[in-house]
Amino acid sequence: MSIFLGMLLGTPHGVVGQIGSTAPEVDKICVVHFDKNPRRPARVEESALSCLDEAAKRLKGRPDLKLVLVGVADLVKDYAADKNGKMRETEDKTGYDVRLEDLAAYRALNTKWYLTRWYGIEPARILPTTDESIQGQDVTFYLVPGAADFNHNYLGTTKTNEKPCTIKPCYSPDEETLTAQPRSRIARQGSN
């Protein structure tokens, strides 16, 4: 694919991953970046608020749609996470010690958790996924038809095994699962 096509699709440096061009029934809403807090590289940042607002508004206005969150990680920019979690046998719920291989998944999971907790979106309507063929420090939001599930999410992205499983069909119980790392509500600018 050309760099020009990659720029049109919104992928960095012309890299076109699994997503490629989207089907007509898929609508890209916005992108949330995770580049401000290297100590918590998967925490939903304050700058995400406008994107979260837009996604929640669109989901509430269209109950026939679902939201696919596509998390990605950057092997160069997320270098601090490369050494994290090497000696751990259990998942880190604080967000300070996220394994590099789990970073994209945690970004999608934490974004889903925020939308369900603070916006009241039904968990079954949000599919957290990853795309390892794209480099970045973000989560991209896509509206897809309500029939979407992990086996047919309209984007060809990889499911994120969340605990508890809220999307049917669930994955095999033998697979590793991740639990979102909650955060406080983001304060709105100008509010008391």
# chains A, B, ... in the order shown; residues from 1 in each chain; ligands from 1
$ residues_around --residues "region 171-186 of chain A" --least-positions-apart "6" --cutoff "10 Å" --atoms "only C-alpha atoms" --output "PyMOL selection string"
chain A and resi 42-49+91-96+102+105-114+117-118+150-151+159-165
$ write_last_selection --atoms "N, CA, C and O atoms" --output "CSV table (one decimal), in the first residue's frame"
chain,number,residue,atom,x,y,z
A,42,ALA,N,-1.2,2.6,29.6
A,42,ALA,CA,-2.5,2.2,29.1
A,42,ALA,C,-3.7,2.9,29.8
A,42,ALA,O,-4.9,2.6,29.6
A,43,ARG,N,-3.4,3.9,30.5
A,43,ARG,CA,-4.5,4.7,31.2
A,43,ARG,C,-5.1,5.7,30.3
A,43,ARG,O,-4.5,6.4,29.5
A,44,VAL,N,-6.5,5.7,30.3
A,44,VAL,CA,-7.2,6.6,29.5
A,44,VAL,C,-6.9,8.1,29.9
A,44,VAL,O,-7.0,8.4,31.1
A,45,GLU,N,-6.4,8.9,29.0
A,45,GLU,CA,-5.9,10.2,29.3
A,45,GLU,C,-7.0,11.3,29.3
A,45,GLU,O,-8.0,11.1,28.6
A,46,GLU,N,-6.7,12.4,29.9
A,46,GLU,CA,-7.7,13.5,29.9
A,46,GLU,C,-8.0,14.0,28.5
A,46,GLU,O,-9.2,14.4,28.2
A,47,SER,N,-7.1,13.9,27.6
A,47,SER,CA,-7.3,14.4,26.2
A,47,SER,C,-8.3,13.5,25.5
A,47,SER,O,-8.8,13.9,24.4
A,48,ALA,N,-8.7,12.4,26.0
A,48,ALA,CA,-9.7,11.5,25.4
A,48,ALA,C,-11.1,11.9,25.5
A,48,ALA,O,-12.0,11.3,24.9
A,49,LEU,N,-11.4,12.9,26.4
A,49,LEU,CA,-12.8,13.2,26.7
A,49,LEU,C,-13.7,13.5,25.5
A,49,LEU,O,-14.8,13.0,25.5
A,91,GLU,N,-1.5,-10.7,36.9
A,91,GLU,CA,-1.8,-9.5,36.2
A,91,GLU,C,-1.6,-8.3,37.2
A,91,GLU,O,-1.9,-8.4,38.4
A,92,ASP,N,-1.1,-7.2,36.7
A,92,ASP,CA,-0.9,-6.0,37.5
A,92,ASP,C,-2.2,-5.1,37.3
A,92,ASP,O,-2.4,-4.6,36.2
A,93,LYS,N,-2.9,-4.9,38.3
A,93,LYS,CA,-4.1,-4.1,38.2
A,93,LYS,C,-3.9,-2.6,38.4
A,93,LYS,O,-4.8,-1.8,38.3
A,94,THR,N,-2.7,-2.2,38.8
A,94,THR,CA,-2.4,-0.8,39.0
A,94,THR,C,-2.2,0.0,37.8
A,94,THR,O,-2.3,1.2,37.8
A,95,GLY,N,-1.7,-0.7,36.7
A,95,GLY,CA,-1.4,0.0,35.5
A,95,GLY,C,0.0,0.5,35.4
A,95,GLY,O,0.4,1.0,34.4
A,96,TYR,N,0.8,0.3,36.4
A,96,TYR,CA,2.2,0.7,36.4
A,96,TYR,C,3.2,-0.3,35.8
A,96,TYR,O,4.3,0.0,35.5
A,102,ASP,N,0.9,-7.0,26.2
A,102,ASP,CA,-0.5,-6.7,26.6
A,102,ASP,C,-1.0,-5.3,26.5
A,102,ASP,O,-2.1,-4.9,26.7
A,105,ALA,N,-3.9,-4.3,24.2
A,105,ALA,CA,-5.2,-4.9,24.7
A,105,ALA,C,-5.6,-4.1,25.9
A,105,ALA,O,-6.8,-3.8,26.1
A,106,TYR,N,-4.7,-3.7,26.8
A,106,TYR,CA,-5.1,-2.9,28.0
A,106,TYR,C,-5.7,-1.6,27.6
A,106,TYR,O,-6.6,-1.0,28.2
A,107,ARG,N,-5.1,-1.0,26.5
A,107,ARG,CA,-5.6,0.3,26.1
A,107,ARG,C,-7.1,0.2,25.6
A,107,ARG,O,-7.9,1.0,26.0
A,108,ALA,N,-7.4,-0.9,24.9
A,108,ALA,CA,-8.8,-1.1,24.4
A,108,ALA,C,-9.7,-1.4,25.6
A,108,ALA,O,-10.8,-0.9,25.7
A,109,LEU,N,-9.2,-2.3,26.5
A,109,LEU,CA,-10.0,-2.7,27.7
A,109,LEU,C,-10.3,-1.5,28.6
A,109,LEU,O,-11.4,-1.3,29.1
A,110,ASN,N,-9.2,-0.7,28.9
A,110,ASN,CA,-9.4,0.4,29.8
A,110,ASN,C,-10.4,1.5,29.2
A,110,ASN,O,-11.2,2.1,29.9
A,111,THR,N,-10.3,1.6,27.8
A,111,THR,CA,-11.3,2.5,27.2
A,111,THR,C,-12.7,2.0,27.3
A,111,THR,O,-13.6,2.8,27.5
A,112,LYS,N,-12.8,0.7,27.1
A,112,LYS,CA,-14.2,0.1,27.2
A,112,LYS,C,-14.7,0.3,28.6
A,112,LYS,O,-15.8,0.7,28.9
A,113,TRP,N,-13.8,0.0,29.6
A,113,TRP,CA,-14.3,0.2,31.0
A,113,TRP,C,-14.7,1.6,31.3
A,113,TRP,O,-15.8,1.8,31.9
A,114,TYR,N,-14.0,2.6,30.8
A,114,TYR,CA,-14.4,4.0,31.0
A,114,TYR,C,-15.7,4.3,30.4
A,114,TYR,O,-16.6,4.9,31.0
A,117,ARG,N,-18.4,2.4,32.6
A,117,ARG,CA,-18.5,2.9,34.0
A,117,ARG,C,-19.0,4.3,34.0
A,117,ARG,O,-20.0,4.6,34.7
A,118,TRP,N,-18.5,5.2,33.2
A,118,TRP,CA,-18.8,6.6,33.4
A,118,TRP,C,-19.9,7.1,32.4
A,118,TRP,O,-20.5,8.2,32.6
A,150,PHE,N,-16.9,-11.1,18.2
A,150,PHE,CA,-15.4,-11.3,18.1
A,150,PHE,C,-15.0,-12.1,16.8
A,150,PHE,O,-13.9,-11.9,16.3
A,151,ASN,N,-15.9,-12.9,16.4
A,151,ASN,CA,-15.6,-13.7,15.2
A,151,ASN,C,-15.9,-13.0,13.9
A,151,ASN,O,-15.4,-13.3,12.8
A,159,LYS,N,-9.4,-10.3,18.8
A,159,LYS,CA,-10.2,-10.1,20.1
A,159,LYS,C,-9.3,-9.9,21.3
A,159,LYS,O,-8.1,-10.4,21.3
A,160,THR,N,-9.8,-9.2,22.3
A,160,THR,CA,-9.1,-9.0,23.5
A,160,THR,C,-9.9,-9.8,24.6
A,160,THR,O,-11.1,-9.6,24.8
A,161,ASN,N,-9.2,-10.7,25.2
A,161,ASN,CA,-9.9,-11.6,26.2
A,161,ASN,C,-10.0,-10.9,27.5
A,161,ASN,O,-9.1,-10.8,28.3
A,162,GLU,N,-11.2,-10.3,27.7
A,162,GLU,CA,-11.5,-9.6,28.9
A,162,GLU,C,-12.1,-10.4,30.0
A,162,GLU,O,-12.8,-11.4,29.7
A,163,LYS,N,-11.9,-10.0,31.2
A,163,LYS,CA,-12.5,-10.7,32.3
A,163,LYS,C,-13.3,-9.7,33.1
A,163,LYS,O,-12.7,-8.7,33.6
A,164,PRO,N,-14.6,-9.9,33.3
A,164,PRO,CA,-15.4,-11.0,32.8
A,164,PRO,C,-15.7,-10.8,31.3
A,164,PRO,O,-15.7,-9.7,30.8
A,165,CYS,N,-16.0,-11.9,30.6
A,165,CYS,CA,-16.3,-11.9,29.2
A,165,CYS,C,-17.7,-11.3,29.0
A,165,CYS,O,-18.6,-11.7,29.7
$ residues_around --residues "Glu54 (chain A)" --least-positions-apart "4" --cutoff "12 Å" --atoms "only C-alpha atoms" --output "PyMOL selection string"
chain A and resi 28-32+48-50+58-61+67+115+119+141-143
$ select_by_dssp --residues "chain A" --states "strand (DSSP E)" --output "PyMOL selection string"
chain A and resi 27-33+65-73+126-135+138-145+158-159
$ closest_residue --among "A:Leu69, A:Leu52, A:Ala124, A:Val139" --to "Ile167 (chain A)" --atoms "only C-alpha atoms"
A:Ala124
$ atom_distance --atom1 "CA of Thr166 (chain A)" --atom2 "CA of Gly120 (chain A)"
14.4 Å
$ closest_residue --among "A:Arg39, A:Ala55, A:Tyr79, A:Val68" --to "Pro128 (chain A)" --atoms "only C-alpha atoms"
A:Val68
$ atom_distance --atom1 "CA of Gly136 (chain A)" --atom2 "CA of Pro38 (chain A)"
13.7 Å
